[in-house]
Amino acid sequence: MHDYIRAVTRLAVFWFCVPLAVAGGQTGSRGTQAGEKVFKSACAACHGADGRGTAKEIAGFERPRTFPDFAACDQTSPEPNVTWKDVITHGGPTRGFSDIMPSFSDALTSEEIDDVVAYLRGLCRNPRWPRGELNLPRALVTEKAYPEDEVVISTGFNATGAPGGTTHVIHEQRFGIRNQIEVDVPINFQDLNHTWYGGVGDTTLGVKRVMFSSLQSDSILRPSGSILSLFGGAVLPTGNRARGFGSGTTTFETFAAFDQLFPTNTFIQTQFGANLPRHTDIAPQSIFFNTAIGQSIAANHGLGRVWSPMFEFVGARDLVDKAKMNWDVVPQMQVTISRRQHIRANLGVLVPVNNTSGDKFRSCSTCFGTGLTEG
């Protein structure tokens, strides 16, 4: 058993900045130096030379709530480069932001926009902040490694056996540079002997911390990188054990999550951990291994709505004599459903591969979450 445990954005400028971009756009070398020249000639009048925004008295307009401070890492790091490129190319309304931000598609080339984005990234001086490109699509079972600010509602229904299902209401709150608090409250409903019962299940309280993150973004539309996180928490016995809504004992949960993003926008998410009940005579200790493989496909030349087909392999085994590893597969499809691309819907079905007796089979699972920072 000890061996198992050890293993275990936004831009905003006035219309008068557009002609400046035509006159000041650079066609020379690519990168941050070229981006700085474009920014200072086209954007600094509204965004300030330091990226923090020009004072109202000088700019002459009231800043919208979403006006960015590009030097504030907590605002900018959760946003992927593709968001910034979309806003610069098509204007603020394309992502649901203020129309004070015009489109620069006629004023700047795609390469010049990439240079500006590269320069803006350098205004966050602390490289320890995990970047938003590593905030991969959330799978139905496998937990991702990225520390998130989001609310997720996930509902699963029994397709065989007694009618019923479970809805998880999950709140994830980021704090500091690499940390996240997670609260998961399951709400169960079940038909027991032709009588419907409902109630709260066992509630999870936990903390996740990023141990390592690295992003290579040679191309805005084809980034690559990896991120590793560790999680520790407690599953409190708030559910009714007699009705099957809880285990009847406090369980300590720990896992490691590692995610890898490839330049093809293919991604792999893995999670390995253990559940360690306080009273093993009530519930057995167990280990679990989950992995999700997916591909993100974006419309509008990589700047629009994102579709992410995924396939999960889910494994779990009780640490008792003669226990077998239970394997399930979960094909699913996720899609962004808001203009800001921060609200996503996911539809999938869990199919047991072995040990198929009982009511394990669940379908029509749906999640909604705010996956990107709106600050």
# chains A, B, ... in the order shown; residues from 1 in each chain; ligands from 1
>>> residues_around(residues="A:Ala283", least_positions_apart="3", cutoff="8 Å", atoms="only C-alpha atoms", output="list of chain:residue names")
A:Ser247, A:Gly248, A:Thr249, A:Pro277, A:His279, A:Thr280
>>> write_last_selection(atoms="N, CA, C and O atoms", output="PDB file, in the first residue's frame")
ATOM      1  N   SER A 247     -20.416   6.892   1.611  1.00  0.00           N
ATOM      2  CA  SER A 247     -19.616   5.742   2.036  1.00  0.00           C
ATOM      3  C   SER A 247     -19.719   5.478   3.528  1.00  0.00           C
ATOM      4  O   SER A 247     -19.411   4.380   3.992  1.00  0.00           O
ATOM      5  N   GLY A 248     -20.097   6.488   4.317  1.00  0.00           N
ATOM      6  CA  GLY A 248     -20.209   6.304   5.755  1.00  0.00           C
ATOM      7  C   GLY A 248     -18.935   6.570   6.529  1.00  0.00           C
ATOM      8  O   GLY A 248     -18.902   6.398   7.741  1.00  0.00           O
ATOM      9  N   THR A 249     -17.882   7.005   5.836  1.00  0.00           N
ATOM     10  CA  THR A 249     -16.623   7.296   6.526  1.00  0.00           C
ATOM     11  C   THR A 249     -15.872   8.387   5.773  1.00  0.00           C
ATOM     12  O   THR A 249     -16.043   8.546   4.560  1.00  0.00           O
ATOM     13  N   PRO A 277      -9.912   5.522   2.848  1.00  0.00           N
ATOM     14  CA  PRO A 277     -10.916   5.717   3.892  1.00  0.00           C
ATOM     15  C   PRO A 277     -10.304   5.616   5.288  1.00  0.00           C
ATOM     16  O   PRO A 277      -9.352   4.852   5.523  1.00  0.00           O
ATOM     17  N   HIS A 279     -11.948   4.435   7.882  1.00  0.00           N
ATOM     18  CA  HIS A 279     -12.389   3.141   8.420  1.00  0.00           C
ATOM     19  C   HIS A 279     -12.459   2.146   7.249  1.00  0.00           C
ATOM     20  O   HIS A 279     -13.440   2.119   6.498  1.00  0.00           O
ATOM     21  N   THR A 280     -11.440   1.326   7.135  1.00  0.00           N
ATOM     22  CA  THR A 280     -11.393   0.390   6.016  1.00  0.00           C
ATOM     23  C   THR A 280     -12.363  -0.777   6.171  1.00  0.00           C
ATOM     24  O   THR A 280     -12.582  -1.518   5.208  1.00  0.00           O
TER      25      THR A 280
END
>>> closest_residue(among="A:Val38, A:Leu123, A:Leu140, A:Leu108", to="A:Leu347", atoms="only C-alpha atoms")
A:Leu140
>>> residues_around(residues="A:Gly302", least_positions_apart="2", cutoff="10 Å", atoms="only C-alpha atoms", output="NGL selection string")
:A and (82 or 86 or 220-222 or 296-300 or 304-306)
>>> closest_atom_pairs(of="stretch 107-140 of chain A", to="stretch 159-181 of chain A", cutoff="9 Å", atoms="only C-alpha atoms", output="Markdown table")
| residue | atom | partner | partner_atom | distance |
| --- | --- | --- | --- | --- |
| A:Arg128 | CA | A:Ile177 | CA | 7.1 |
| A:Trp129 | CA | A:Ile177 | CA | 5.6 |
| A:Pro130 | CA | A:Arg178 | CA | 7.2 |
>>> closest_residue(among="A:Lys208, A:Lys85, A:Arg241, A:Arg339", to="A:Glu111", atoms="only C-alpha atoms")
A:Lys85
>>> atom_distance(atom1="atom CA of A:Ser98", atom2="atom CA of A:Ala59")
15.9 Å
>>> residues_around(residues="A:Ser103", least_positions_apart="6", cutoff="7 Å", atoms="only C-alpha atoms", output="PDB file with N, CA, C and O atoms, in the first residue's frame")
ATOM      1  N   ILE A  88      -7.814  41.401 -31.498  1.00  0.00           N
ATOM      2  CA  ILE A  88      -7.095  42.382 -32.308  1.00  0.00           C
ATOM      3  C   ILE A  88      -7.545  42.298 -33.765  1.00  0.00           C
ATOM      4  O   ILE A  88      -7.737  43.316 -34.436  1.00  0.00           O
ATOM      5  N   THR A  89      -7.744  41.101 -34.268  1.00  0.00           N
ATOM      6  CA  THR A  89      -8.101  40.908 -35.671  1.00  0.00           C
ATOM      7  C   THR A  89      -9.521  41.366 -35.965  1.00  0.00           C
ATOM      8  O   THR A  89      -9.765  42.084 -36.943  1.00  0.00           O
ATOM      9  N   HIS A  90     -10.475  40.962 -35.113  1.00  0.00           N
ATOM     10  CA  HIS A  90     -11.892  41.181 -35.421  1.00  0.00           C
ATOM     11  C   HIS A  90     -12.584  42.201 -34.523  1.00  0.00           C
ATOM     12  O   HIS A  90     -13.766  42.496 -34.726  1.00  0.00           O
ATOM     13  N   GLY A  91     -11.888  42.734 -33.518  1.00  0.00           N
ATOM     14  CA  GLY A  91     -12.494  43.722 -32.644  1.00  0.00           C
ATOM     15  C   GLY A  91     -13.090  43.111 -31.395  1.00  0.00           C
ATOM     16  O   GLY A  91     -13.303  41.897 -31.303  1.00  0.00           O
TER      17      GLY A  91
END
>>> residues_around(residues="A:Ala145", least_positions_apart="6", cutoff="9 Å", atoms="only C-alpha atoms", output="number ranges by chain")
A: 134-136, 208-210, 227-230, 256-259, 269-271
>>> decode(residues="stretch 230-336 of chain A", atoms="C-alpha atoms", output="compact mmCIF listing (two decimals), in the first residue's frame")
# COMPACT_ATOMS: atom_id res chain seq x y z
CA LEU A 230 -0.73 17.45 -7.08
CA PHE A 231 -4.06 17.29 -5.23
CA GLY A 232 -4.91 16.47 -1.64
CA GLY A 233 -8.33 16.52 -0.03
CA ALA A 234 -10.96 14.89 2.12
CA VAL A 235 -14.28 13.34 1.10
CA LEU A 236 -16.61 14.02 4.02
CA PRO A 237 -19.39 11.50 4.86
CA THR A 238 -22.29 13.90 4.26
CA GLY A 239 -24.33 11.38 2.26
CA ASN A 240 -26.87 8.85 3.50
CA ARG A 241 -25.07 5.49 3.42
CA ALA A 242 -28.26 3.46 3.86
CA ARG A 243 -29.64 4.88 0.60
CA GLY A 244 -26.36 4.51 -1.25
CA PHE A 245 -25.60 8.23 -1.25
CA GLY A 246 -22.38 8.01 0.78
CA SER A 247 -19.62 5.74 2.04
CA GLY A 248 -20.21 6.30 5.75
CA THR A 249 -16.62 7.30 6.53
CA THR A 250 -14.20 10.13 5.85
CA THR A 251 -11.97 9.34 2.89
CA PHE A 252 -8.68 11.03 2.09
CA GLU A 253 -8.11 11.53 -1.63
CA THR A 254 -4.83 12.29 -3.35
CA PHE A 255 -3.77 12.30 -6.98
CA ALA A 256 -1.25 13.59 -9.49
CA ALA A 257 -2.43 15.12 -12.76
CA PHE A 258 -0.20 15.57 -15.80
CA ASP A 259 -1.36 17.19 -19.05
CA GLN A 260 0.49 17.44 -22.36
CA LEU A 261 -0.46 19.72 -25.26
CA PHE A 262 1.01 19.07 -28.71
CA PRO A 263 1.50 21.56 -31.59
CA THR A 264 -1.27 19.80 -33.53
CA ASN A 265 -3.75 20.88 -30.78
CA THR A 266 -3.90 17.25 -29.70
CA PHE A 267 -3.79 16.75 -25.94
CA ILE A 268 -3.40 14.00 -23.36
CA GLN A 269 -4.52 14.33 -19.73
CA THR A 270 -3.59 11.74 -17.11
CA GLN A 271 -4.58 11.35 -13.47
CA PHE A 272 -3.36 8.75 -10.97
CA GLY A 273 -4.38 8.64 -7.32
CA ALA A 274 -5.77 6.83 -4.32
CA ASN A 275 -8.81 6.96 -2.03
CA LEU A 276 -7.89 6.13 1.58
CA PRO A 277 -10.92 5.72 3.89
CA ARG A 278 -10.42 6.30 7.60
CA HIS A 279 -12.39 3.14 8.42
CA THR A 280 -11.39 0.39 6.02
CA ASP A 281 -13.94 -1.98 7.52
CA ILE A 282 -16.66 0.27 6.07
CA ALA A 283 -15.10 1.12 2.70
CA PRO A 284 -11.96 -0.34 1.08
CA GLN A 285 -8.93 1.62 0.04
CA SER A 286 -8.66 2.01 -3.73
CA ILE A 287 -6.51 3.37 -6.51
CA PHE A 288 -7.60 4.93 -9.79
CA PHE A 289 -6.07 5.82 -13.13
CA ASN A 290 -7.76 8.05 -15.71
CA THR A 291 -6.53 9.35 -19.03
CA ALA A 292 -8.18 11.48 -21.70
CA ILE A 293 -7.02 11.88 -25.31
CA GLY A 294 -8.55 14.65 -27.39
CA GLN A 295 -8.22 17.04 -30.31
CA SER A 296 -9.32 20.68 -30.39
CA ILE A 297 -10.67 21.94 -33.72
CA ALA A 298 -11.41 25.68 -34.01
CA ALA A 299 -13.54 27.35 -36.68
CA ASN A 300 -12.75 30.62 -38.46
CA HIS A 301 -9.12 29.81 -39.23
CA GLY A 302 -8.41 28.78 -35.64
CA LEU A 303 -10.00 31.84 -33.98
CA GLY A 304 -13.65 30.75 -33.62
CA ARG A 305 -15.79 28.17 -31.85
CA VAL A 306 -13.83 25.18 -30.54
CA TRP A 307 -14.94 21.56 -30.89
CA SER A 308 -13.03 18.99 -28.81
CA PRO A 309 -13.78 15.29 -29.36
CA MET A 310 -12.27 13.22 -26.53
CA PHE A 311 -11.91 9.61 -25.49
CA GLU A 312 -11.28 8.64 -21.86
CA PHE A 313 -9.99 5.43 -20.32
CA VAL A 314 -11.09 5.13 -16.68
CA GLY A 315 -9.68 2.51 -14.32
CA ALA A 316 -10.22 1.77 -10.61
CA ARG A 317 -9.31 -1.07 -8.26
CA ASP A 318 -10.10 -1.79 -4.62
CA LEU A 319 -7.05 -2.74 -2.56
CA VAL A 320 -8.45 -6.02 -1.30
CA ASP A 321 -7.56 -9.63 -2.07
CA LYS A 322 -8.61 -10.93 -5.49
CA ALA A 323 -9.99 -7.56 -6.55
CA LYS A 324 -9.85 -6.77 -10.25
CA MET A 325 -9.19 -3.55 -12.08
CA ASN A 326 -12.44 -2.10 -13.45
CA TRP A 327 -12.08 -0.40 -16.83
CA ASP A 328 -14.51 1.97 -18.53
CA VAL A 329 -14.31 4.04 -21.71
CA VAL A 330 -15.95 7.45 -22.11
CA PRO A 331 -16.34 8.83 -25.65
CA GLN A 332 -17.47 12.46 -25.56
CA MET A 333 -17.68 15.78 -27.38
CA GLN A 334 -17.10 19.24 -25.93
CA VAL A 335 -17.94 22.56 -27.62
CA THR A 336 -17.67 26.21 -26.62
